Every structure is written in structure tokens, then in C-alpha cells.
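Student: Just dropping this structure here.
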Amino acid sequence: MKIFSMLLISIFFFSCQQKENNKMPVTATDSVVTEKNKEEDKEQNKKENQQIGDTIFMNFGDEKGLFVAEGTLDSIHSKVYVKFKNEDLGELKGNIVPATGKGNIRFNQIIFPDKSSDGPFGMDLKIYLKQKGNYILVIGHSQMADNPFFGTFKVQLEKKKE
């Protein structure tokens with residue numbers, strides 16, 4: 001038993017010494033380079049709202065309240081979720097423009113901050129936003145029609161204050 005405990009203690013001390021010896025000093029130039037890279041990445045992300053997986057985060061709009069993003073529907077992601085935050089009551093106008101011109105694609109549903117929902121809609125959406133909080137728009141093809149849509153599209157949202 002004594003040998004076992006001595007062995008455990010020696011392994012513990014040996015592992016602690018290894019961690020201390022492997023530390024590398026960080027120079028001032030390294031931190032400056034990473035800060036510049038982070039700033040450049042933030043600037044590039046501010047230019048566009050991008051689809052990540054099956055979700056488009058509408059965080060960046062222009063001065064008029066117009067949010068534009070490009071999305072893709074495929075066999076893996078048959079629905080795309082557009083998430084945006086509403087801080088002002090008013091009207092929301094939405095529009096889907098497929099790259100091919102026409103297609104079986106629509107706003108299937110809108111989920112309000114209180115988890116209630118409404119829908120389905122068409123390729124155009126016009127709804128009054130009565131709540132503040134995070135909204136989710138579900139975009140997909142109509143189950144009632146043939147030929148599901150696969151490809152790229154643009155979604156445009158315009159929020160107008162009261």
C-alpha cells in the first residue's frame with residue numbers, strides 16, 4: 001500500500017512539473033496581430049447576414065431598416081430559420097426571391113417571442129409586430145405543391161416603426 005501511494009504521489013508531482021515547463025512566453029506583437037485579425041473578421045461579418053447551417057441571423061441592416069441575406073435550401077436543410085430581434089413595434093415586410101426566378105418556396109411560419117405562431121404565408125409577408133423580442137421565420141417549400149425547391153434564394157426583411 002505504501003508503494004502504491006508513493007507511486008501516485010511521484011506521478012502527481014511529475015505531471016505538475018511538465019505543465020509548468022511547457023508554458024511559452026507571449027510577446028506583445030502576438031497580441032497585436034490577433035486583435036487586428038479579430039477586428040477584420042468583425043468588419044467582414046458586419047457587411048452581410050450569412051446562413052450558418054440551417055439558420056440565418058439577421059443582425060446587420062442598412063439605415064432604412066432593410067435586412068438582406070442569401071440562403072440555400074437543399075436535401076439536408078429543407079427548412080431555413082431566419083432569426084431577428086425586434087426592439088420596436090411596427091410592421092414587417094418580407095420577400096423571398098429565388099435565384100431561378102420561380103420556385104416552390106415560401107414563408108411557412110413566423111414564431112413570435114411568446115412562442116405562439118402564425119402561417120403559412122407566400123413568397124411575400126406583411127405582418128404587424130406587436131411584441132418586442134426574438135422572432136423566427138421558417139422558410140421552406142410548400143408541402144401541398146409538387147417539386148420541392150432546392151437552391152439559393154435571397155430573403156429581404158424591412159421593419160418599419162409605428
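Ordering of the C-alpha cells sets the chain letters (A, B, ...), residue numbers begin anew at 1 in every chain, and ligands are numbered from 1 in the order given.
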Using only C-alpha atoms, find each residue of stretch 119-147 of chain A with at least one atom at most 7 Å away from an atom of stretch 79-86 of chain A; report its shortest atom-to-atom pair and that distance in Å (one decimal), sort the rows by chain and rising residue number, and return the result as CSV.

Tutor:
residue,atom,partner,partner_atom,distance
A:Lys132,CA,A:Asn86,CA,5.3
A:Gly133,CA,A:Asn86,CA,5.3
A:Asn134,CA,A:Lys85,CA,4.4
A:Tyr135,CA,A:Phe84,CA,5.5
A:Ile136,CA,A:Lys83,CA,4.6
A:Leu137,CA,A:Val82,CA,4.9
A:Val138,CA,A:Tyr81,CA,4.7
A:Ile139,CA,A:Val80,CA,5.1
A:Gly140,CA,A:Lys79,CA,4.6

Student: With all heavy atoms retained, could you export that selection as a PDB file, in the first residue's frame?

Tutor:
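File written: result.pdb
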ATOM      1  N   LYS A 132     -42.013  42.833 -28.490  1.00  0.00           N
ATOM      2  CA  LYS A 132     -40.575  43.029 -28.566  1.00  0.00           C
ATOM      3  C   LYS A 132     -39.914  41.706 -28.197  1.00  0.00           C
ATOM      4  O   LYS A 132     -40.388  40.970 -27.340  1.00  0.00           O
ATOM      5  CB  LYS A 132     -40.119  44.119 -27.590  1.00  0.00           C
ATOM      6  CG  LYS A 132     -40.640  45.483 -27.947  1.00  0.00           C
ATOM      7  CD  LYS A 132     -40.131  46.520 -26.975  1.00  0.00           C
ATOM      8  CE  LYS A 132     -40.685  47.892 -27.340  1.00  0.00           C
ATOM      9  NZ  LYS A 132     -40.195  48.929 -26.422  1.00  0.00           N
ATOM     10  N   GLY A 133     -38.815  41.397 -28.893  1.00  0.00           N
ATOM     11  CA  GLY A 133     -38.106  40.163 -28.586  1.00  0.00           C
ATOM     12  C   GLY A 133     -37.581  39.504 -29.840  1.00  0.00           C
ATOM     13  O   GLY A 133     -37.474  40.113 -30.905  1.00  0.00           O
ATOM     14  N   ASN A 134     -37.252  38.214 -29.725  1.00  0.00           N
ATOM     15  CA  ASN A 134     -36.664  37.442 -30.814  1.00  0.00           C
ATOM     16  C   ASN A 134     -37.747  36.719 -31.608  1.00  0.00           C
ATOM     17  O   ASN A 134     -38.544  35.972 -31.046  1.00  0.00           O
ATOM     18  CB  ASN A 134     -35.662  36.427 -30.266  1.00  0.00           C
ATOM     19  CG  ASN A 134     -34.484  37.099 -29.609  1.00  0.00           C
ATOM     20  OD1 ASN A 134     -33.985  38.105 -30.101  1.00  0.00           O
ATOM     21  ND2 ASN A 134     -34.034  36.558 -28.494  1.00  0.00           N
ATOM     22  N   TYR A 135     -37.740  36.949 -32.909  1.00  0.00           N
ATOM     23  CA  TYR A 135     -38.671  36.316 -33.839  1.00  0.00           C
ATOM     24  C   TYR A 135     -37.927  35.291 -34.678  1.00  0.00           C
ATOM     25  O   TYR A 135     -36.727  35.425 -34.924  1.00  0.00           O
ATOM     26  CB  TYR A 135     -39.294  37.356 -34.779  1.00  0.00           C
ATOM     27  CG  TYR A 135     -40.340  38.231 -34.143  1.00  0.00           C
ATOM     28  CD1 TYR A 135     -39.992  39.315 -33.360  1.00  0.00           C
ATOM     29  CD2 TYR A 135     -41.687  37.977 -34.349  1.00  0.00           C
ATOM     30  CE1 TYR A 135     -40.958  40.122 -32.790  1.00  0.00           C
ATOM     31  CE2 TYR A 135     -42.663  38.787 -33.785  1.00  0.00           C
ATOM     32  CZ  TYR A 135     -42.292  39.858 -33.014  1.00  0.00           C
ATOM     33  OH  TYR A 135     -43.249  40.646 -32.450  1.00  0.00           O
ATOM     34  N   ILE A 136     -38.663  34.286 -35.157  1.00  0.00           N
ATOM     35  CA  ILE A 136     -38.103  33.276 -36.049  1.00  0.00           C
ATOM     36  C   ILE A 136     -39.047  33.120 -37.235  1.00  0.00           C
ATOM     37  O   ILE A 136     -40.246  32.883 -37.060  1.00  0.00           O
ATOM     38  CB  ILE A 136     -37.943  31.917 -35.347  1.00  0.00           C
ATOM     39  CG1 ILE A 136     -37.025  32.049 -34.126  1.00  0.00           C
ATOM     40  CG2 ILE A 136     -37.385  30.877 -36.316  1.00  0.00           C
ATOM     41  CD1 ILE A 136     -36.965  30.807 -33.271  1.00  0.00           C
ATOM     42  N   LEU A 137     -38.501  33.255 -38.440  1.00  0.00           N
ATOM     43  CA  LEU A 137     -39.243  32.980 -39.668  1.00  0.00           C
ATOM     44  C   LEU A 137     -38.770  31.643 -40.211  1.00  0.00           C
ATOM     45  O   LEU A 137     -37.563  31.406 -40.331  1.00  0.00           O
ATOM     46  CB  LEU A 137     -38.997  34.065 -40.706  1.00  0.00           C
ATOM     47  CG  LEU A 137     -39.633  35.411 -40.457  1.00  0.00           C
ATOM     48  CD1 LEU A 137     -39.065  36.452 -41.408  1.00  0.00           C
ATOM     49  CD2 LEU A 137     -41.130  35.322 -40.638  1.00  0.00           C
ATOM     50  N   VAL A 138     -39.700  30.775 -40.557  1.00  0.00           N
ATOM     51  CA  VAL A 138     -39.368  29.472 -41.118  1.00  0.00           C
ATOM     52  C   VAL A 138     -39.639  29.528 -42.614  1.00  0.00           C
ATOM     53  O   VAL A 138     -40.755  29.803 -43.043  1.00  0.00           O
ATOM     54  CB  VAL A 138     -40.187  28.343 -40.459  1.00  0.00           C
ATOM     55  CG1 VAL A 138     -39.791  26.992 -41.027  1.00  0.00           C
ATOM     56  CG2 VAL A 138     -40.022  28.372 -38.953  1.00  0.00           C
ATOM     57  N   ILE A 139     -38.591  29.278 -43.408  1.00  0.00           N
ATOM     58  CA  ILE A 139     -38.699  29.291 -44.864  1.00  0.00           C
ATOM     59  C   ILE A 139     -38.508  27.866 -45.366  1.00  0.00           C
ATOM     60  O   ILE A 139     -37.575  27.168 -44.955  1.00  0.00           O
ATOM     61  CB  ILE A 139     -37.636  30.217 -45.491  1.00  0.00           C
ATOM     62  CG1 ILE A 139     -37.874  31.654 -45.036  1.00  0.00           C
ATOM     63  CG2 ILE A 139     -37.656  30.115 -47.007  1.00  0.00           C
ATOM     64  CD1 ILE A 139     -36.813  32.618 -45.507  1.00  0.00           C
ATOM     65  N   GLY A 140     -39.380  27.436 -46.258  1.00  0.00           N
ATOM     66  CA  GLY A 140     -39.268  26.103 -46.842  1.00  0.00           C
ATOM     67  C   GLY A 140     -40.192  25.991 -48.037  1.00  0.00           C
ATOM     68  O   GLY A 140     -40.751  26.971 -48.511  1.00  0.00           O
TER      69      GLY A 140
END

Student: Check the smallest atom-to-atom distance from each of A:Met1, A:Ile9, A:Gln51, A:Phe149 to A:Thr100 using only C-alpha atoms, then report the winner.

Tutor: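 Ranking A:Met1, A:Ile9, A:Gln51, A:Phe149 by distance to A:Thr100, first place goes to A:Phe149.
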
Student: With distances taken over only C-alpha atoms, which of A:Gly61, A:Gly151, A:Gly53, A:Gly122 is nearest to A:Asn95?

Tutor: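 Closest to A:Asn95, using only C-alpha atoms: A:Gly122.
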
Student: I want to know what sits within 8 Å of A:Lys130, based on only C-alpha atoms, with residues of the same chain fewer than 2 positions away left out; could you give that as a VMD selection string?

Tutor: chain A and resid 89 to 90 128 132

Student: With N, CA and C atoms kept, could you save the residues just selected as a short mmCIF file (atom, residue, chain, number, x, y, z; two decimals), in the first residue's frame?

Tutor:
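Output (again-v2.cif):
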data_model
loop_
_atom_site.label_atom_id
_atom_site.label_comp_id
_atom_site.auth_asym_id
_atom_site.auth_seq_id
_atom_site.Cartn_x
_atom_site.Cartn_y
_atom_site.Cartn_z
N LEU A 89 -42.09 48.32 -31.99
CA LEU A 89 -43.34 47.84 -32.56
C LEU A 89 -43.52 48.47 -33.93
N GLY A 90 -44.08 47.72 -34.84
CA GLY A 90 -44.28 48.24 -36.19
C GLY A 90 -44.62 47.13 -37.15
N TYR A 128 -47.92 42.68 -38.72
CA TYR A 128 -47.68 43.69 -37.70
C TYR A 128 -46.99 43.03 -36.51
N LYS A 132 -42.01 42.83 -28.49
CA LYS A 132 -40.58 43.03 -28.57
C LYS A 132 -39.91 41.71 -28.20
#
